[in-house]
$ cat work.txt   # compact mmCIF, C-alpha atoms
# COMPACT_ATOMS: atom_id res chain seq x y z
CA MET A 1 -161.51 159.54 215.81
CA LYS A 2 -160.46 159.27 219.42
CA LYS A 3 -156.85 158.60 220.18
CA SER A 4 -157.73 155.51 222.22
CA ARG A 5 -159.61 154.03 219.27
CA ILE A 6 -156.67 154.63 216.95
CA ILE A 7 -154.38 152.84 219.42
CA LEU A 8 -156.86 149.94 219.68
CA TYR A 9 -157.00 149.56 215.89
CA ALA A 10 -153.23 149.68 215.68
CA VAL A 11 -152.91 146.96 218.33
CA LEU A 12 -155.53 144.79 216.60
CA LEU A 13 -153.77 145.22 213.26
CA ALA A 14 -150.44 144.24 214.82
CA VAL A 15 -152.00 141.16 216.46
CA VAL A 16 -153.72 140.06 213.25
CA SER A 17 -150.55 140.66 211.21
CA PHE A 18 -148.41 138.69 213.64
CA GLY A 19 -150.96 135.88 213.70
CA ALA A 20 -150.99 135.71 209.90
CA TYR A 21 -147.19 135.74 209.82
CA ALA A 22 -146.99 132.98 212.45
CA ALA A 23 -149.55 130.87 210.57
CA PHE A 24 -147.66 131.29 207.31
CA MET A 25 -144.34 130.31 208.93
CA PHE A 26 -145.93 127.28 210.58
CA VAL A 27 -147.36 126.03 207.28
CA TYR A 28 -144.10 126.82 205.48
CA THR A 29 -142.11 124.84 208.05
CA GLU A 30 -144.50 121.90 207.86
CA TRP A 31 -144.05 121.91 204.08
CA LYS A 32 -140.26 121.88 204.52
CA PHE A 33 -140.55 118.69 206.60
CA LEU A 34 -142.78 116.77 204.21
CA PRO A 35 -141.39 113.25 203.55
CA VAL A 36 -139.68 112.58 200.24
CA GLU A 37 -141.01 109.95 197.84
CA LEU A 38 -139.14 106.74 198.62
CA LEU A 39 -137.36 105.09 195.70
CA GLN A 40 -135.77 102.45 197.93
CA GLU A 41 -136.58 100.87 201.27
CA PRO A 42 -135.07 102.68 204.28
CA ASN A 43 -132.01 101.18 205.93
CA PRO A 44 -132.51 101.26 209.72
CA ALA A 45 -128.98 100.01 210.48
CA ALA A 46 -126.25 102.51 209.58
CA PRO A 47 -122.71 102.00 210.96
CA HIS A 48 -121.49 104.67 213.35
CA SER A 49 -119.44 105.05 216.50
CA GLU A 50 -120.86 105.80 219.93
CA TRP A 51 -122.19 109.30 220.44
CA LYS A 52 -120.17 110.62 223.40
CA ALA A 53 -120.95 114.32 223.24
CA THR A 54 -123.70 115.96 225.24
CA ASP A 55 -127.30 115.49 224.21
CA ASP A 56 -127.86 119.24 223.88
CA LEU A 57 -129.36 119.96 220.49
CA LEU A 58 -129.03 123.62 219.62
CA TYR A 59 -125.78 124.99 218.14
CA ILE A 60 -124.97 128.32 216.50
CA HIS A 61 -123.10 128.75 213.24
CA LYS A 62 -119.72 130.42 212.70
CA VAL A 63 -118.62 131.44 216.18
CA ASN A 64 -115.32 132.75 214.82
CA THR A 65 -114.77 135.77 217.04
CA PRO A 66 -114.50 136.16 220.82
CA ARG A 67 -117.24 138.79 220.66
CA ARG A 68 -119.70 136.37 219.08
CA ALA A 69 -118.70 133.62 221.52
CA GLU A 70 -119.38 135.93 224.45
CA ASN A 71 -122.64 137.34 223.08
CA LYS A 72 -124.18 133.92 222.36
CA ASP A 73 -123.02 132.27 225.57
CA ASP A 74 -126.45 132.07 227.21
CA ALA A 75 -128.49 131.20 224.13
CA TYR A 76 -126.85 128.07 222.68
CA ASP A 77 -125.61 124.69 223.88
CA GLY A 78 -122.81 124.44 221.34
CA TYR A 79 -120.72 126.45 218.95
CA GLU A 80 -119.57 125.75 215.41
CA VAL A 81 -116.04 127.06 214.85
CA ASP A 82 -114.07 127.10 211.58
CA ILE A 83 -110.38 126.19 211.58
CA LEU A 84 -107.74 126.97 208.96
CA PRO A 85 -103.91 127.06 208.98
CA ASN A 86 -102.16 130.39 208.41
CA LYS A 87 -99.01 130.80 206.28
CA GLN A 88 -96.88 129.58 209.16
CA GLY A 89 -98.93 126.40 209.50
CA ASN A 90 -100.50 127.46 212.78
CA LEU A 91 -104.21 126.84 213.20
CA VAL A 92 -106.39 129.93 213.40
CA ILE A 93 -110.12 130.54 213.51
CA ALA A 94 -111.29 131.49 210.03
CA HIS A 95 -113.98 130.44 207.58
CA ASP A 96 -111.95 131.45 204.53
CA LEU A 97 -108.73 133.17 203.48
CA ASP A 98 -110.28 136.64 203.85
CA GLU A 99 -110.55 136.11 207.60
CA ILE A 100 -107.27 134.32 208.16
CA GLU A 101 -105.21 137.44 208.87
CA ASP A 102 -107.34 138.21 211.91
CA GLY A 103 -105.16 135.73 213.78
CA ILE A 104 -107.88 134.57 216.15
CA LYS A 105 -106.95 131.35 217.95
CA LEU A 106 -109.10 128.60 219.39
CA ALA A 107 -107.97 129.65 222.86
CA ASP A 108 -109.41 133.13 222.22
CA ILE A 109 -112.84 131.60 221.61
CA PHE A 110 -112.70 129.40 224.70
CA ALA A 111 -111.49 132.31 226.86
CA ALA A 112 -114.52 134.43 225.89
CA ILE A 113 -116.97 131.88 227.37
CA ASP A 114 -117.89 131.87 231.05
CA ASN A 115 -117.76 128.07 231.41
CA PRO A 116 -116.18 126.65 228.22
CA ALA A 117 -116.13 123.10 229.63
CA GLU A 118 -119.94 123.06 229.72
CA LYS A 119 -120.39 123.60 225.98
CA SER A 120 -119.75 121.34 223.01
CA TYR A 121 -117.86 122.41 219.90
CA TRP A 122 -118.42 121.55 216.26
CA LEU A 123 -114.97 122.18 214.77
CA ASP A 124 -115.31 122.59 211.01
CA LEU A 125 -111.90 121.66 209.65
CA LYS A 126 -111.23 123.64 206.48
CA THR A 127 -107.94 121.82 206.05
CA ASN A 128 -106.28 118.44 206.46
CA LEU A 129 -104.73 118.04 209.89
CA THR A 130 -101.35 116.65 210.82
CA GLU A 131 -100.90 114.69 214.04
CA SER A 132 -99.24 117.70 215.67
CA GLN A 133 -102.06 120.05 214.62
CA LEU A 134 -104.64 117.69 216.07
CA ASP A 135 -102.60 117.54 219.28
CA GLN A 136 -102.60 121.35 219.31
CA ILE A 137 -106.41 121.38 219.28
CA LEU A 138 -106.65 118.78 222.04
CA LEU A 139 -104.09 120.53 224.25
CA THR A 140 -105.90 123.85 223.86
CA ALA A 141 -109.17 122.24 224.90
CA LYS A 142 -107.49 120.52 227.84
CA ALA A 143 -106.13 123.87 229.04
CA PHE A 144 -109.74 125.01 229.44
CA ASN A 145 -110.85 121.69 231.02
CA ILE A 146 -112.96 120.84 227.98
CA PRO A 147 -113.45 117.06 227.71
CA GLU A 148 -112.51 115.44 224.41
CA GLU A 149 -116.10 114.18 224.23
CA HIS A 150 -117.21 117.80 223.78
CA LEU A 151 -115.14 118.19 220.61
CA LEU A 152 -116.76 117.15 217.33
CA LEU A 153 -114.49 117.40 214.32
CA GLU A 154 -116.10 117.80 210.90
CA THR A 155 -114.29 116.83 207.75
CA VAL A 156 -114.64 115.01 204.43
CA PRO A 157 -113.61 111.39 203.84
CA GLY A 158 -109.83 111.18 203.64
CA PRO A 159 -106.68 111.18 205.76
CA THR A 160 -107.95 113.63 208.37
CA ALA A 161 -111.09 111.58 208.91
CA GLN A 162 -108.90 108.49 209.30
CA LEU A 163 -106.73 110.33 211.85
CA ILE A 164 -109.76 111.42 213.87
CA LYS A 165 -111.12 107.89 213.78
CA LYS A 166 -107.76 106.41 214.86
CA ARG A 167 -107.60 108.74 217.85
CA GLY A 168 -111.12 107.77 218.93
CA LEU A 169 -112.47 111.33 218.66
CA GLY A 170 -115.93 112.46 217.65
CA LEU A 171 -116.01 112.51 213.86
CA LEU A 172 -118.68 114.40 211.92
CA LEU A 173 -118.35 113.04 208.40
CA GLN A 174 -119.73 115.27 205.69
CA LEU A 175 -122.54 113.82 203.61
CA PRO A 176 -121.80 113.61 199.85
CA ASP A 177 -122.89 116.75 197.99
CA ASP A 178 -125.10 114.82 195.59
CA PHE A 179 -127.01 112.86 198.23
CA ASP A 180 -130.30 114.62 197.44
CA LYS A 181 -129.89 114.55 193.66
CA ASP A 182 -131.34 111.23 192.51
CA ASP A 183 -133.54 112.81 189.78
CA GLY A 184 -136.31 110.41 190.76
CA ASP A 185 -134.27 107.52 189.35
CA PRO A 186 -134.39 104.37 191.58
CA GLN A 187 -131.08 103.10 190.19
CA LYS A 188 -129.34 106.40 190.88
CA ARG A 189 -130.84 106.44 194.36
CA LYS A 190 -129.49 102.95 194.98
CA GLU A 191 -126.00 103.93 193.85
CA ILE A 192 -125.98 107.04 196.05
CA ASN A 193 -127.13 105.10 199.11
CA GLU A 194 -124.62 102.31 198.54
CA ARG A 195 -121.73 104.75 198.14
CA THR A 196 -122.75 106.64 201.27
CA LEU A 197 -123.15 103.46 203.29
CA GLN A 198 -119.69 102.32 202.18
CA GLN A 199 -118.16 105.55 203.53
CA TRP A 200 -119.88 105.10 206.88
CA GLN A 201 -118.69 101.52 207.10
CA GLU A 202 -115.12 102.69 206.52
CA TYR A 203 -115.09 105.67 208.92
CA LYS A 204 -117.85 104.89 211.43
CA PRO A 205 -118.49 108.57 212.29
CA ALA A 206 -120.20 109.70 215.45
CA ALA A 207 -122.69 111.46 213.16
CA VAL A 208 -123.06 112.60 209.59
CA SER A 209 -123.10 116.35 208.96
CA THR A 210 -125.53 117.67 206.39
CA SER A 211 -127.39 120.76 205.27
CA PHE A 212 -131.09 120.99 206.01
CA GLY A 213 -131.84 120.59 202.31
CA LYS A 214 -130.42 117.06 202.38
CA TYR A 215 -131.94 116.19 205.75
CA PRO A 216 -135.31 114.90 204.41
CA TYR A 217 -133.48 112.41 202.18
CA LEU A 218 -131.16 111.33 204.97
CA ARG A 219 -134.12 110.92 207.34
CA ALA A 220 -136.02 108.92 204.73
CA TYR A 221 -133.33 106.44 203.75
CA PHE A 222 -131.23 106.23 206.94
CA PRO A 223 -133.65 107.13 209.74
CA ASN A 224 -131.42 105.97 212.59
CA MET A 225 -128.09 107.38 211.44
CA PRO A 226 -126.96 110.07 213.94
CA LYS A 227 -127.27 113.45 212.27
CA ALA A 228 -125.71 116.89 212.70
CA VAL A 229 -127.90 119.22 210.64
CA TYR A 230 -127.13 122.83 209.80
CA TYR A 231 -129.53 125.49 208.59
CA SER A 232 -127.81 128.72 207.66
CA SER A 233 -129.85 130.11 204.77
CA THR A 234 -131.72 132.55 207.01
CA VAL A 235 -129.56 134.66 209.28
CA ARG A 236 -132.24 137.17 210.28
CA PRO A 237 -134.74 136.47 213.07
CA SER A 238 -137.54 134.25 211.82
CA LEU A 239 -140.42 132.36 213.41
CA LYS A 240 -139.67 129.32 211.29
CA LYS A 241 -136.55 128.68 213.37
CA PRO A 242 -138.39 127.69 216.59
CA PHE A 243 -140.84 125.65 214.50
CA MET A 244 -137.88 123.86 212.90
CA VAL A 245 -136.26 123.26 216.29
CA ASP A 246 -139.50 121.64 217.50
CA HIS A 247 -139.42 119.28 214.52
CA MET A 248 -135.77 118.40 215.10
CA GLN A 249 -136.48 117.63 218.74
CA GLU A 250 -138.99 115.04 217.58
CA ASP A 251 -136.30 113.14 215.63
CA PRO A 252 -134.09 111.23 218.12
CA SER A 253 -131.45 110.68 215.43
CA VAL A 254 -130.73 114.44 215.20
CA LYS A 255 -127.94 115.05 217.68
CA ILE A 256 -127.25 118.63 216.62
CA PHE A 257 -129.33 121.28 214.91
CA MET A 258 -127.26 124.31 214.03
CA LEU A 259 -128.79 127.71 213.24
CA ASP A 260 -127.38 131.01 212.10
CA GLU A 261 -127.95 134.56 213.31
CA TYR A 262 -126.91 137.82 211.76
CA THR A 263 -126.20 139.41 215.13
CA TRP A 264 -122.68 139.36 216.46

$ encode --input "work.txt" --output "C-alpha cells"
Amino acid sequence: MKKSRIILYAVLLAVVSFGAYAAFMFVYTEWKFLPVELLQEPNPAAPHSEWKATDDLLYIHKVNTPRRAENKDDAYDGYEVDILPNKQGNLVIAHDLDEIEDGIKLADIFAAIDNPAEKSYWLDLKTNLTESQLDQILLTAKAFNIPEEHLLLETVPGPTAQLIKKRGLGLLLQLPDDFDKDDGDPQKRKEINERTLQQWQEYKPAAVSTSFGKYPYLRAYFPNMPKAVYYSSTVRPSLKKPFMVDHMQEDPSVKIFMLDEYTW
C-alpha cells in the first residue's frame, strides 16, 4: 500500500472519529438540558437585587494561584476565587485547609492579571466574614481599581449574607442542597420552592449560585431568577463544554456560567 494512501486513510479515520465524537457530545449535551417534569407551576417573579456586575458570561473555577490567574487571563471573563481565614484570622486564598498554608493573598491574584479592573470575581467565601474582613477585601480590590460591582460574594444564608446585603454588594446566595430532590412528590416540591422563595425574599441576592445538576430544576420553577451556574465535574478538555456554553447563552437569566479546567 502506498504511503500516500495510508496517510489518506488515517486522515479519514481521524475525521470520522472526531465527527462521531462531536455528534455524541452534542446529543449528550442536549439530553442534559432536557426540561424536568413540572410538579408545580413556574414562578416568573423571584425577588432579587439589581445585577450590577458585567454581562460577561464565562468564568473559570478555582483561580487560587497567581500562575493560574496569569495563564487564564485571555480565555475567561471572570474568575472564581476561594477565601478562607488562616490561624491569625487573615484572609488567604484557599479552597480547604490543605491549601491554607500556601499563604496566597487576594492581592497576589489581582497582581497576576494584566488588567484586573476589567474582570469580575466570584469570591467563594468558605467562612463567615467580620466587618473588618469584608473591608479588607474591598480595600484590596480598590487598590487595583476594581469596582465593587465586579465583586460577587458567594455564601450561604446567615450573618455573612446579611452583612453583604447591608453593604449593598453583589450577593450570590447558595441554592439549598436538596433543591433537586423532590422524589416526584408535588407536596415536597411545593415545600422546597416555598422555602427557597422565602430565603430570596429575605436576602434579595443579585443571583443564586447553583451546580449544573440543579440548574434544570431552577430554570423550570424560577425561570427569571438570576443564576450563577457552575459545572466542575469535567476538568479535562471536552466538546460538551462549548455546547453547554451555547445553551447557557440562550438563557438570559444565566448571568454566569463557570467551567473548570485541569490545566494550571

$ residues_around --input "work.txt" --residues "segment 122-127 of chain A" --least-positions-apart "6" --cutoff "8 Å" --atoms "all atoms listed in the file" --output "number ranges by chain"
A: 78-85, 95, 151-155

$ residues_around --input "work.txt" --residues "Glu202 of chain A" --least-positions-apart "2" --cutoff "10 Å" --atoms "all atoms listed in the file" --output "ChimeraX atom specification"
/A:47-48,157,162,165,197-200,204-205

$ residues_near_point --input "work.txt" --point "(-123.0, 103.9, 200.0)" --cutoff "12 Å" --atoms "only C-alpha atoms" --output "NGL selection string"
:A and (43 or 46-47 or 175-176 or 178-179 or 188-202 or 221-222)

$ closest_residue --input "work.txt" --among "A:Tyr231, A:Pro223, A:Asp135, A:Asp77" --to "Pro44 of chain A" --atoms "all atoms listed in the file"
A:Pro223

$ atom_distance --input "work.txt" --atom1 "atom CA of Val208 of chain A" --atom2 "atom CA of Ile256 of chain A"
10.2 Å

$ closest_residue --input "work.txt" --among "A:Lys142, A:Lys119, A:Lys227, A:Lys52" --to "Lys72 of chain A" --atoms "only C-alpha atoms"
A:Lys119

$ residues_around --input "work.txt" --residues "segment 19-36 of chain A" --least-positions-apart "3" --cutoff "7 Å" --atoms "all atoms listed in the file" --output "list of chain:residue names"
A:Val15, A:Val16, A:Pro216, A:Tyr217, A:Ala220, A:Leu239, A:Lys240, A:Phe243, A:Met244

$ atom_distance --input "work.txt" --atom1 "atom CA of Leu163 of chain A" --atom2 "atom CA of Ala228 of chain A"
20.1 Å

$ atom_distance --input "work.txt" --atom1 "atom CA of Asp102 of chain A" --atom2 "atom CA of Pro66 of chain A"
11.6 Å

$ closest_residue --input "work.txt" --among "A:Asp108, A:Leu91, A:Phe144, A:Ser253" --to "Leu129 of chain A" --atoms "all atoms listed in the file"
A:Leu91

$ closest_residue --input "work.txt" --among "A:Gln249, A:Gln174, A:Ser238, A:Gln40" --to "Phe18 of chain A" --atoms "all atoms listed in the file"
A:Ser238

$ residues_around --input "work.txt" --residues "Lys87 of chain A" --least-positions-apart "4" --cutoff "12 Å" --atoms "only C-alpha atoms" --output "PyMOL selection string"
chain A and resi 91-92+97+100-101+103

$ closest_residue --input "work.txt" --among "A:Lys214, A:Lys62, A:Arg219, A:Arg67" --to "Asp251 of chain A" --atoms "only C-alpha atoms"
A:Arg219

$ decode --input "work.txt" --residues "segment 182-220 of chain A" --atoms "N, CA and C atoms" --output "PDB file, in the first residue's frame"
ATOM      1  N   ASP A 182     -36.952  16.254  44.895  1.00  0.00           N
ATOM      2  CA  ASP A 182     -38.366  16.256  45.275  1.00  0.00           C
ATOM      3  C   ASP A 182     -38.994  14.868  45.192  1.00  0.00           C
ATOM      4  N   ASP A 183     -38.222  13.872  44.692  1.00  0.00           N
ATOM      5  CA  ASP A 183     -38.708  12.486  44.595  1.00  0.00           C
ATOM      6  C   ASP A 183     -40.017  12.362  43.817  1.00  0.00           C
ATOM      7  N   GLY A 184     -40.276  13.321  42.935  1.00  0.00           N
ATOM      8  CA  GLY A 184     -41.503  13.280  42.154  1.00  0.00           C
ATOM      9  C   GLY A 184     -42.759  13.524  42.967  1.00  0.00           C
ATOM     10  N   ASP A 185     -42.594  14.094  44.145  1.00  0.00           N
ATOM     11  CA  ASP A 185     -43.716  14.335  45.065  1.00  0.00           C
ATOM     12  C   ASP A 185     -44.130  15.808  44.962  1.00  0.00           C
ATOM     13  N   PRO A 186     -45.331  16.124  44.467  1.00  0.00           N
ATOM     14  CA  PRO A 186     -45.760  17.522  44.325  1.00  0.00           C
ATOM     15  C   PRO A 186     -45.737  18.295  45.642  1.00  0.00           C
ATOM     16  N   GLN A 187     -46.090  17.655  46.738  1.00  0.00           N
ATOM     17  CA  GLN A 187     -46.089  18.341  48.023  1.00  0.00           C
ATOM     18  C   GLN A 187     -44.667  18.697  48.463  1.00  0.00           C
ATOM     19  N   LYS A 188     -43.751  17.767  48.244  1.00  0.00           N
ATOM     20  CA  LYS A 188     -42.350  18.036  48.592  1.00  0.00           C
ATOM     21  C   LYS A 188     -41.792  19.141  47.713  1.00  0.00           C
ATOM     22  N   ARG A 189     -42.164  19.105  46.426  1.00  0.00           N
ATOM     23  CA  ARG A 189     -41.727  20.165  45.517  1.00  0.00           C
ATOM     24  C   ARG A 189     -42.242  21.523  45.984  1.00  0.00           C
ATOM     25  N   LYS A 190     -43.474  21.576  46.426  1.00  0.00           N
ATOM     26  CA  LYS A 190     -44.060  22.822  46.898  1.00  0.00           C
ATOM     27  C   LYS A 190     -43.312  23.345  48.120  1.00  0.00           C
ATOM     28  N   GLU A 191     -42.984  22.454  49.039  1.00  0.00           N
ATOM     29  CA  GLU A 191     -42.274  22.862  50.252  1.00  0.00           C
ATOM     30  C   GLU A 191     -40.873  23.380  49.930  1.00  0.00           C
ATOM     31  N   ILE A 192     -40.183  22.706  49.005  1.00  0.00           N
ATOM     32  CA  ILE A 192     -38.844  23.150  48.617  1.00  0.00           C
ATOM     33  C   ILE A 192     -38.910  24.533  47.978  1.00  0.00           C
ATOM     34  N   ASN A 193     -39.840  24.726  47.061  1.00  0.00           N
ATOM     35  CA  ASN A 193     -39.961  26.012  46.378  1.00  0.00           C
ATOM     36  C   ASN A 193     -40.325  27.133  47.341  1.00  0.00           C
ATOM     37  N   GLU A 194     -41.229  26.853  48.265  1.00  0.00           N
ATOM     38  CA  GLU A 194     -41.636  27.872  49.229  1.00  0.00           C
ATOM     39  C   GLU A 194     -40.482  28.263  50.152  1.00  0.00           C
ATOM     40  N   ARG A 195     -39.705  27.276  50.588  1.00  0.00           N
ATOM     41  CA  ARG A 195     -38.569  27.562  51.468  1.00  0.00           C
ATOM     42  C   ARG A 195     -37.496  28.372  50.725  1.00  0.00           C
ATOM     43  N   THR A 196     -37.263  28.018  49.479  1.00  0.00           N
ATOM     44  CA  THR A 196     -36.284  28.737  48.671  1.00  0.00           C
ATOM     45  C   THR A 196     -36.727  30.172  48.421  1.00  0.00           C
ATOM     46  N   LEU A 197     -37.989  30.334  48.077  1.00  0.00           N
ATOM     47  CA  LEU A 197     -38.528  31.664  47.812  1.00  0.00           C
ATOM     48  C   LEU A 197     -38.453  32.539  49.059  1.00  0.00           C
ATOM     49  N   GLN A 198     -38.677  31.950  50.214  1.00  0.00           N
ATOM     50  CA  GLN A 198     -38.598  32.700  51.472  1.00  0.00           C
ATOM     51  C   GLN A 198     -37.178  33.225  51.706  1.00  0.00           C
ATOM     52  N   GLN A 199     -36.176  32.405  51.392  1.00  0.00           N
ATOM     53  CA  GLN A 199     -34.786  32.856  51.530  1.00  0.00           C
ATOM     54  C   GLN A 199     -34.503  34.035  50.601  1.00  0.00           C
ATOM     55  N   TRP A 200     -34.961  33.934  49.366  1.00  0.00           N
ATOM     56  CA  TRP A 200     -34.714  35.021  48.417  1.00  0.00           C
ATOM     57  C   TRP A 200     -35.416  36.304  48.842  1.00  0.00           C
ATOM     58  N   GLN A 201     -36.592  36.174  49.406  1.00  0.00           N
ATOM     59  CA  GLN A 201     -37.303  37.354  49.886  1.00  0.00           C
ATOM     60  C   GLN A 201     -36.551  38.024  51.030  1.00  0.00           C
ATOM     61  N   GLU A 202     -35.893  37.213  51.847  1.00  0.00           N
ATOM     62  CA  GLU A 202     -35.152  37.761  52.988  1.00  0.00           C
ATOM     63  C   GLU A 202     -33.845  38.429  52.552  1.00  0.00           C
ATOM     64  N   TYR A 203     -33.113  37.798  51.614  1.00  0.00           N
ATOM     65  CA  TYR A 203     -31.764  38.276  51.282  1.00  0.00           C
ATOM     66  C   TYR A 203     -31.699  39.064  49.979  1.00  0.00           C
ATOM     67  N   LYS A 204     -32.639  38.868  49.105  1.00  0.00           N
ATOM     68  CA  LYS A 204     -32.650  39.523  47.786  1.00  0.00           C
ATOM     69  C   LYS A 204     -31.256  39.503  47.144  1.00  0.00           C
ATOM     70  N   PRO A 205     -30.754  38.315  46.812  1.00  0.00           N
ATOM     71  CA  PRO A 205     -29.411  38.219  46.213  1.00  0.00           C
ATOM     72  C   PRO A 205     -29.382  38.777  44.795  1.00  0.00           C
ATOM     73  N   ALA A 206     -28.182  39.107  44.342  1.00  0.00           N
ATOM     74  CA  ALA A 206     -28.027  39.502  42.945  1.00  0.00           C
ATOM     75  C   ALA A 206     -28.285  38.316  42.031  1.00  0.00           C
ATOM     76  N   ALA A 207     -27.920  37.127  42.508  1.00  0.00           N
ATOM     77  CA  ALA A 207     -28.172  35.887  41.764  1.00  0.00           C
ATOM     78  C   ALA A 207     -28.096  34.733  42.754  1.00  0.00           C
ATOM     79  N   VAL A 208     -28.599  33.604  42.323  1.00  0.00           N
ATOM     80  CA  VAL A 208     -28.496  32.389  43.123  1.00  0.00           C
ATOM     81  C   VAL A 208     -27.424  31.514  42.493  1.00  0.00           C
ATOM     82  N   SER A 209     -26.527  30.983  43.320  1.00  0.00           N
ATOM     83  CA  SER A 209     -25.461  30.115  42.807  1.00  0.00           C
ATOM     84  C   SER A 209     -25.880  28.665  42.943  1.00  0.00           C
ATOM     85  N   THR A 210     -25.605  27.892  41.900  1.00  0.00           N
ATOM     86  CA  THR A 210     -26.055  26.503  41.889  1.00  0.00           C
ATOM     87  C   THR A 210     -25.185  25.655  40.981  1.00  0.00           C
ATOM     88  N   SER A 211     -25.122  24.374  41.293  1.00  0.00           N
ATOM     89  CA  SER A 211     -24.434  23.435  40.408  1.00  0.00           C
ATOM     90  C   SER A 211     -25.281  23.188  39.167  1.00  0.00           C
ATOM     91  N   PHE A 212     -24.633  22.699  38.111  1.00  0.00           N
ATOM     92  CA  PHE A 212     -25.367  22.433  36.880  1.00  0.00           C
ATOM     93  C   PHE A 212     -26.451  21.381  37.089  1.00  0.00           C
ATOM     94  N   GLY A 213     -26.217  20.436  37.995  1.00  0.00           N
ATOM     95  CA  GLY A 213     -27.214  19.404  38.242  1.00  0.00           C
ATOM     96  C   GLY A 213     -28.540  19.940  38.734  1.00  0.00           C
ATOM     97  N   LYS A 214     -28.496  21.064  39.450  1.00  0.00           N
ATOM     98  CA  LYS A 214     -29.727  21.680  39.966  1.00  0.00           C
ATOM     99  C   LYS A 214     -30.307  22.705  39.004  1.00  0.00           C
ATOM    100  N   TYR A 215     -29.506  23.097  38.008  1.00  0.00           N
ATOM    101  CA  TYR A 215     -29.941  24.145  37.085  1.00  0.00           C
ATOM    102  C   TYR A 215     -31.255  23.828  36.377  1.00  0.00           C
ATOM    103  N   PRO A 216     -31.476  22.596  35.850  1.00  0.00           N
ATOM    104  CA  PRO A 216     -32.751  22.344  35.161  1.00  0.00           C
ATOM    105  C   PRO A 216     -33.970  22.575  36.052  1.00  0.00           C
ATOM    106  N   TYR A 217     -33.848  22.264  37.341  1.00  0.00           N
ATOM    107  CA  TYR A 217     -34.962  22.483  38.262  1.00  0.00           C
ATOM    108  C   TYR A 217     -35.153  23.974  38.541  1.00  0.00           C
ATOM    109  N   LEU A 218     -34.047  24.674  38.693  1.00  0.00           N
ATOM    110  CA  LEU A 218     -34.125  26.114  38.931  1.00  0.00           C
ATOM    111  C   LEU A 218     -34.716  26.823  37.717  1.00  0.00           C
ATOM    112  N   ARG A 219     -34.278  26.418  36.532  1.00  0.00           N
ATOM    113  CA  ARG A 219     -34.806  27.003  35.291  1.00  0.00           C
ATOM    114  C   ARG A 219     -36.298  26.712  35.144  1.00  0.00           C
ATOM    115  N   ALA A 220     -36.717  25.511  35.548  1.00  0.00           N
ATOM    116  CA  ALA A 220     -38.110  25.117  35.377  1.00  0.00           C
ATOM    117  C   ALA A 220     -39.043  25.878  36.299  1.00  0.00           C
TER     118      ALA A 220
END
